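K.L.:
Supplied in structure tokens, the structure appears directly below.
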Amino acid sequence: MPPPLDAILFESRLPVAFEPAWRAQRQLQQRLLAAPESPDAVLLLEHQSCYTLGRGASEAFLRCPPSALPFPLHRIDRGGEVTHHTPGQLVLYPVLNLRRHGADLHLYLRQLEQVVIDLLAGLALRGERIEGLTGVWLEGRKVAAIGVGGRRWISQHGLALNVEADLAGFEAVVPCGLADQRVGRLTDLDPSLTAAGLRAPLLAAFAQRFQLNLRPPAPHEQLQGW
């Protein structure tokens, strides 16, 4: 097996507004587009409460007019329908040169799902897929949403795992456009779990699945406004 590839880890301990995180992803994506041999990167954070709509997503899945939503709404360049971000939900944004990871978007989505399934297995919880859908379910409730985007095989966006998030914000939308699927969180099954406590295990599961060595950024690799 080849040695792990270096990847830069950018982590915020405080909830981040959506726009700065999206801007950081675009900076990292542009860096890889300009120099495809440069290291992959990943952002780990929790968001300030907001909603995002994927490219081409339908506003029919909003349960009220956009102006009446309780939190800001952003239309962005990922696949998928509407989702909700809020503190207590861990968000992982890998910015990868997918040519180094199979060059297959379907495979990439399945690998992101497997990261969550591996993490849950380490907690003695059994994460599941539903055929034809994207994400991870736990005892019939969707606990991880996945939506990605990319340019010339350089990825953006990623996965959001509900750990101890307040799920009330999901009531204003039809999450992922799936009216018949309920949203859940890990603390409903194990109240001892926290988003802070699962940061390191989530990163370890991700690094193992993608064969990466996560390291902090060097001074010349810092992001503007991050």
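For the structure tokens, the naming scheme is as follows: chains receive sequential letters (A, B, ...) according to their order of presentation, residues are indexed from 1 within each chain, and ligands are indexed from 1 in presentation order.
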I'd like the neighbourhood of A:Glu46 as a list in words, where a residue qualifies if any of its atoms comes within 10 Å (using only C-alpha atoms), though same-chain residues fewer than 3 positions away should be ignored.

P.N.:
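These residues fall inside the cut-off: Glu11, Ser12, Arg13, Leu14, Pro15, Val16, Ala17, Phe18, Ala21, Leu43, Ser49, His85, Thr86, Pro87, Gly88, Gln89, Leu90, Val91, Leu92, Ala160, Leu161, Ala165, Ala195 and Ala196 of chain A.
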
K.L.:
Using the chain letters and numbers from this document, which residues of stretch 2-226 of chain A does DSSP assign to helix (DSSP H, G or I), as a PyMOL selection string?

P.N.:
chain A and resi 18-34+59-61+66-68+98-100+105-122+167-172+175-177+186-188+195-210+219-221

K.L.:
Can you list, as an NGL selection string, every residue of stretch 38-146 of chain A that DSSP puts in strand (DSSP E)?

P.N.:
:A and (40-45 or 50-53 or 73-75 or 83-85 or 89-95 or 127-128 or 136-138 or 141-146)

K.L.:
Would you kindly return, as a PDB file with N, CA and C atoms, in the first residue's frame, each protein, DNA or RNA residue with an atom no farther than 10 Å from any atom of A:Gln156, considering only C-alpha atoms and excluding same-chain residues fewer than 4 positions away?

P.N.:
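Result file follows (around-v8.pdb):
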ATOM      1  N   TRP A  22     -17.471  28.843   2.496  1.00  0.00           N
ATOM      2  CA  TRP A  22     -17.585  28.621   1.050  1.00  0.00           C
ATOM      3  C   TRP A  22     -16.431  29.316   0.321  1.00  0.00           C
ATOM      4  N   GLN A  25     -13.291  27.282   0.708  1.00  0.00           N
ATOM      5  CA  GLN A  25     -13.276  26.144  -0.211  1.00  0.00           C
ATOM      6  C   GLN A  25     -12.871  26.564  -1.617  1.00  0.00           C
ATOM      7  N   ARG A  26     -13.405  27.689  -2.065  1.00  0.00           N
ATOM      8  CA  ARG A  26     -13.080  28.150  -3.414  1.00  0.00           C
ATOM      9  C   ARG A  26     -11.601  28.530  -3.531  1.00  0.00           C
ATOM     10  N   LEU A  28      -9.158  27.137  -1.817  1.00  0.00           N
ATOM     11  CA  LEU A  28      -8.416  25.876  -1.851  1.00  0.00           C
ATOM     12  C   LEU A  28      -8.597  25.160  -3.183  1.00  0.00           C
ATOM     13  N   GLN A  29      -9.815  25.238  -3.720  1.00  0.00           N
ATOM     14  CA  GLN A  29     -10.060  24.617  -5.020  1.00  0.00           C
ATOM     15  C   GLN A  29      -9.231  25.297  -6.098  1.00  0.00           C
ATOM     16  N   VAL A  42      -8.762  19.832   3.763  1.00  0.00           N
ATOM     17  CA  VAL A  42     -10.074  19.554   4.331  1.00  0.00           C
ATOM     18  C   VAL A  42     -10.373  20.604   5.391  1.00  0.00           C
ATOM     19  N   ASP A  77     -23.190  25.800  -5.231  1.00  0.00           N
ATOM     20  CA  ASP A  77     -22.824  24.961  -6.373  1.00  0.00           C
ATOM     21  C   ASP A  77     -22.530  23.513  -5.972  1.00  0.00           C
ATOM     22  N   ARG A  78     -23.408  22.914  -5.207  1.00  0.00           N
ATOM     23  CA  ARG A  78     -23.294  21.481  -4.921  1.00  0.00           C
ATOM     24  C   ARG A  78     -24.512  20.771  -5.506  1.00  0.00           C
ATOM     25  N   TYR A  93     -15.584  19.450   4.868  1.00  0.00           N
ATOM     26  CA  TYR A  93     -15.485  19.894   3.475  1.00  0.00           C
ATOM     27  C   TYR A  93     -14.132  19.460   2.907  1.00  0.00           C
ATOM     28  N   PRO A  94     -14.050  18.319   2.248  1.00  0.00           N
ATOM     29  CA  PRO A  94     -12.792  17.933   1.601  1.00  0.00           C
ATOM     30  C   PRO A  94     -12.626  18.665   0.272  1.00  0.00           C
ATOM     31  N   VAL A  95     -11.463  19.220   0.056  1.00  0.00           N
ATOM     32  CA  VAL A  95     -11.098  19.806  -1.234  1.00  0.00           C
ATOM     33  C   VAL A  95      -9.968  18.928  -1.770  1.00  0.00           C
ATOM     34  N   LEU A  96     -10.347  17.960  -2.584  1.00  0.00           N
ATOM     35  CA  LEU A  96      -9.441  16.906  -3.024  1.00  0.00           C
ATOM     36  C   LEU A  96      -9.247  16.946  -4.532  1.00  0.00           C
ATOM     37  N   GLY A 147     -23.476  16.206   0.058  1.00  0.00           N
ATOM     38  CA  GLY A 147     -23.660  16.881  -1.216  1.00  0.00           C
ATOM     39  C   GLY A 147     -22.331  17.445  -1.671  1.00  0.00           C
ATOM     40  N   VAL A 148     -21.961  17.203  -2.909  1.00  0.00           N
ATOM     41  CA  VAL A 148     -20.646  17.612  -3.378  1.00  0.00           C
ATOM     42  C   VAL A 148     -20.758  18.415  -4.666  1.00  0.00           C
ATOM     43  N   GLY A 149     -19.704  19.107  -4.971  1.00  0.00           N
ATOM     44  CA  GLY A 149     -19.552  19.819  -6.227  1.00  0.00           C
ATOM     45  C   GLY A 149     -18.091  19.743  -6.621  1.00  0.00           C
ATOM     46  N   GLY A 150     -17.769  20.208  -7.806  1.00  0.00           N
ATOM     47  CA  GLY A 150     -16.372  20.169  -8.211  1.00  0.00           C
ATOM     48  C   GLY A 150     -16.146  20.824  -9.554  1.00  0.00           C
ATOM     49  N   ARG A 151     -14.889  21.113  -9.813  1.00  0.00           N
ATOM     50  CA  ARG A 151     -14.438  21.628 -11.109  1.00  0.00           C
ATOM     51  C   ARG A 151     -13.195  20.864 -11.515  1.00  0.00           C
TER      52      ARG A 151
END

K.L.:
What is the atom CA of A:Leu69-atom CA of A:Leu167 distance in Å, reported with one decimal?

P.N.:
14.4 Å

K.L.:
Measuring between only C-alpha atoms, which one of A:Ala41, A:Ala57, A:Leu123, A:Gly169 shows the shortest distance to A:Leu193?

P.N.:
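Nearest to A:Leu193: A:Leu123.
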
K.L.:
Excluding A:Asp6 and its own-chain neighbours fewer than 3 positions away, which residues fall within 10 Å of it when counting only C-alpha atoms? Please give them as a PyMOL selection string.

P.N.:
chain A and resi 3+9+38-41+207+211-215

K.L.:
With all heavy atoms retained, write the just-selected residues as a PDB file, in the first residue's frame.

P.N.:
ATOM      1  N   PRO A   3       2.278   5.039   0.729  1.00  0.00           N
ATOM      2  CA  PRO A   3       2.178   5.851   1.957  1.00  0.00           C
ATOM      3  C   PRO A   3       1.076   6.886   1.818  1.00  0.00           C
ATOM      4  O   PRO A   3       0.721   7.292   0.714  1.00  0.00           O
ATOM      5  CB  PRO A   3       3.556   6.512   2.045  1.00  0.00           C
ATOM      6  CG  PRO A   3       4.077   6.516   0.649  1.00  0.00           C
ATOM      7  CD  PRO A   3       3.539   5.267   0.004  1.00  0.00           C
ATOM      8  N   LEU A   9      -5.134  20.412   6.994  1.00  0.00           N
ATOM      9  CA  LEU A   9      -6.344  20.487   7.807  1.00  0.00           C
ATOM     10  C   LEU A   9      -6.562  21.922   8.284  1.00  0.00           C
ATOM     11  O   LEU A   9      -5.701  22.499   8.947  1.00  0.00           O
ATOM     12  CB  LEU A   9      -6.236  19.557   9.014  1.00  0.00           C
ATOM     13  CG  LEU A   9      -7.353  19.684  10.061  1.00  0.00           C
ATOM     14  CD1 LEU A   9      -8.711  19.317   9.459  1.00  0.00           C
ATOM     15  CD2 LEU A   9      -7.048  18.815  11.275  1.00  0.00           C
ATOM     16  N   SER A  38      -0.285  19.962  -5.777  1.00  0.00           N
ATOM     17  CA  SER A  38      -0.238  20.479  -4.410  1.00  0.00           C
ATOM     18  C   SER A  38      -1.122  19.644  -3.489  1.00  0.00           C
ATOM     19  O   SER A  38      -1.955  18.854  -3.943  1.00  0.00           O
ATOM     20  CB  SER A  38      -0.635  21.953  -4.376  1.00  0.00           C
ATOM     21  OG  SER A  38      -1.948  22.131  -4.867  1.00  0.00           O
ATOM     22  N   PRO A  39      -0.967  19.785  -2.171  1.00  0.00           N
ATOM     23  CA  PRO A  39      -1.681  18.902  -1.250  1.00  0.00           C
ATOM     24  C   PRO A  39      -3.203  19.100  -1.293  1.00  0.00           C
ATOM     25  O   PRO A  39      -3.702  20.202  -1.531  1.00  0.00           O
ATOM     26  CB  PRO A  39      -1.133  19.300   0.128  1.00  0.00           C
ATOM     27  CG  PRO A  39       0.150  19.990  -0.141  1.00  0.00           C
ATOM     28  CD  PRO A  39      -0.016  20.660  -1.465  1.00  0.00           C
ATOM     29  N   ASP A  40      -3.911  18.002  -1.048  1.00  0.00           N
ATOM     30  CA  ASP A  40      -5.331  18.087  -0.779  1.00  0.00           C
ATOM     31  C   ASP A  40      -5.545  18.884   0.510  1.00  0.00           C
ATOM     32  O   ASP A  40      -4.599  19.166   1.258  1.00  0.00           O
ATOM     33  CB  ASP A  40      -5.932  16.686  -0.594  1.00  0.00           C
ATOM     34  CG  ASP A  40      -5.951  15.867  -1.875  1.00  0.00           C
ATOM     35  OD1 ASP A  40      -6.053  16.462  -2.961  1.00  0.00           O
ATOM     36  OD2 ASP A  40      -5.878  14.634  -1.783  1.00  0.00           O
ATOM     37  N   ALA A  41      -6.815  19.232   0.777  1.00  0.00           N
ATOM     38  CA  ALA A  41      -7.130  19.972   1.998  1.00  0.00           C
ATOM     39  C   ALA A  41      -8.502  19.546   2.503  1.00  0.00           C
ATOM     40  O   ALA A  41      -9.307  18.982   1.757  1.00  0.00           O
ATOM     41  CB  ALA A  41      -7.099  21.477   1.745  1.00  0.00           C
ATOM     42  N   ALA A 207      -9.346  10.324   7.278  1.00  0.00           N
ATOM     43  CA  ALA A 207      -7.953  10.152   6.861  1.00  0.00           C
ATOM     44  C   ALA A 207      -7.672   8.703   6.487  1.00  0.00           C
ATOM     45  O   ALA A 207      -6.967   8.427   5.504  1.00  0.00           O
ATOM     46  CB  ALA A 207      -7.010  10.608   7.976  1.00  0.00           C
ATOM     47  N   GLN A 211      -6.733   7.604   2.844  1.00  0.00           N
ATOM     48  CA  GLN A 211      -5.285   7.412   2.919  1.00  0.00           C
ATOM     49  C   GLN A 211      -4.546   8.752   2.876  1.00  0.00           C
ATOM     50  O   GLN A 211      -3.708   9.021   2.017  1.00  0.00           O
ATOM     51  CB  GLN A 211      -4.805   6.485   1.808  1.00  0.00           C
ATOM     52  CG  GLN A 211      -5.211   5.026   2.006  1.00  0.00           C
ATOM     53  CD  GLN A 211      -4.595   4.428   3.275  1.00  0.00           C
ATOM     54  OE1 GLN A 211      -3.391   4.215   3.351  1.00  0.00           O
ATOM     55  NE2 GLN A 211      -5.421   4.181   4.288  1.00  0.00           N
ATOM     56  N   LEU A 212      -4.900   9.597   3.869  1.00  0.00           N
ATOM     57  CA  LEU A 212      -4.313  10.923   3.964  1.00  0.00           C
ATOM     58  C   LEU A 212      -3.627  11.101   5.307  1.00  0.00           C
ATOM     59  O   LEU A 212      -4.058  10.556   6.327  1.00  0.00           O
ATOM     60  CB  LEU A 212      -5.395  11.995   3.802  1.00  0.00           C
ATOM     61  CG  LEU A 212      -6.083  12.065   2.446  1.00  0.00           C
ATOM     62  CD1 LEU A 212      -7.256  13.018   2.493  1.00  0.00           C
ATOM     63  CD2 LEU A 212      -5.096  12.476   1.347  1.00  0.00           C
ATOM     64  N   ASN A 213      -2.584  11.895   5.301  1.00  0.00           N
ATOM     65  CA  ASN A 213      -1.932  12.347   6.526  1.00  0.00           C
ATOM     66  C   ASN A 213      -2.319  13.805   6.738  1.00  0.00           C
ATOM     67  O   ASN A 213      -1.842  14.692   6.020  1.00  0.00           O
ATOM     68  CB  ASN A 213      -0.413  12.209   6.396  1.00  0.00           C
ATOM     69  CG  ASN A 213       0.313  12.821   7.571  1.00  0.00           C
ATOM     70  OD1 ASN A 213      -0.017  12.552   8.724  1.00  0.00           O
ATOM     71  ND2 ASN A 213       1.293  13.672   7.294  1.00  0.00           N
ATOM     72  N   LEU A 214      -3.215  14.072   7.684  1.00  0.00           N
ATOM     73  CA  LEU A 214      -3.695  15.431   7.920  1.00  0.00           C
ATOM     74  C   LEU A 214      -2.676  16.201   8.757  1.00  0.00           C
ATOM     75  O   LEU A 214      -2.209  15.721   9.783  1.00  0.00           O
ATOM     76  CB  LEU A 214      -5.045  15.390   8.634  1.00  0.00           C
ATOM     77  CG  LEU A 214      -6.170  14.652   7.893  1.00  0.00           C
ATOM     78  CD1 LEU A 214      -7.449  14.667   8.723  1.00  0.00           C
ATOM     79  CD2 LEU A 214      -6.418  15.246   6.517  1.00  0.00           C
ATOM     80  N   ARG A 215      -2.382  17.404   8.313  1.00  0.00           N
ATOM     81  CA  ARG A 215      -1.399  18.238   9.008  1.00  0.00           C
ATOM     82  C   ARG A 215      -1.867  19.683   8.997  1.00  0.00           C
ATOM     83  O   ARG A 215      -2.666  20.093   8.155  1.00  0.00           O
ATOM     84  CB  ARG A 215      -0.034  18.127   8.327  1.00  0.00           C
ATOM     85  CG  ARG A 215      -0.041  18.617   6.875  1.00  0.00           C
ATOM     86  CD  ARG A 215       1.359  18.808   6.342  1.00  0.00           C
ATOM     87  NE  ARG A 215       1.408  19.200   4.953  1.00  0.00           N
ATOM     88  CZ  ARG A 215       1.212  20.437   4.505  1.00  0.00           C
ATOM     89  NH1 ARG A 215       0.940  21.425   5.349  1.00  0.00           N
ATOM     90  NH2 ARG A 215       1.300  20.719   3.212  1.00  0.00           N
TER      91      ARG A 215
END

K.L.:
So which one's closest to A:Leu198, A:Trp226, A:His101, A:Leu120, A:Pro20? Using only C-alpha atoms, please.

P.N.:
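Of A:Trp226, A:His101, A:Leu120, A:Pro20, the one nearest A:Leu198, counting only C-alpha atoms, is A:Leu120.
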
K.L.:
Could you check the closest approach to A:Asp118 for each of A:Arg152, A:Arg23, A:His84, A:Arg209 and tell me which residue wins, using only C-alpha atoms?

P.N.:
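Using only C-alpha atoms, A:Asp118 sits closest to A:Arg209.
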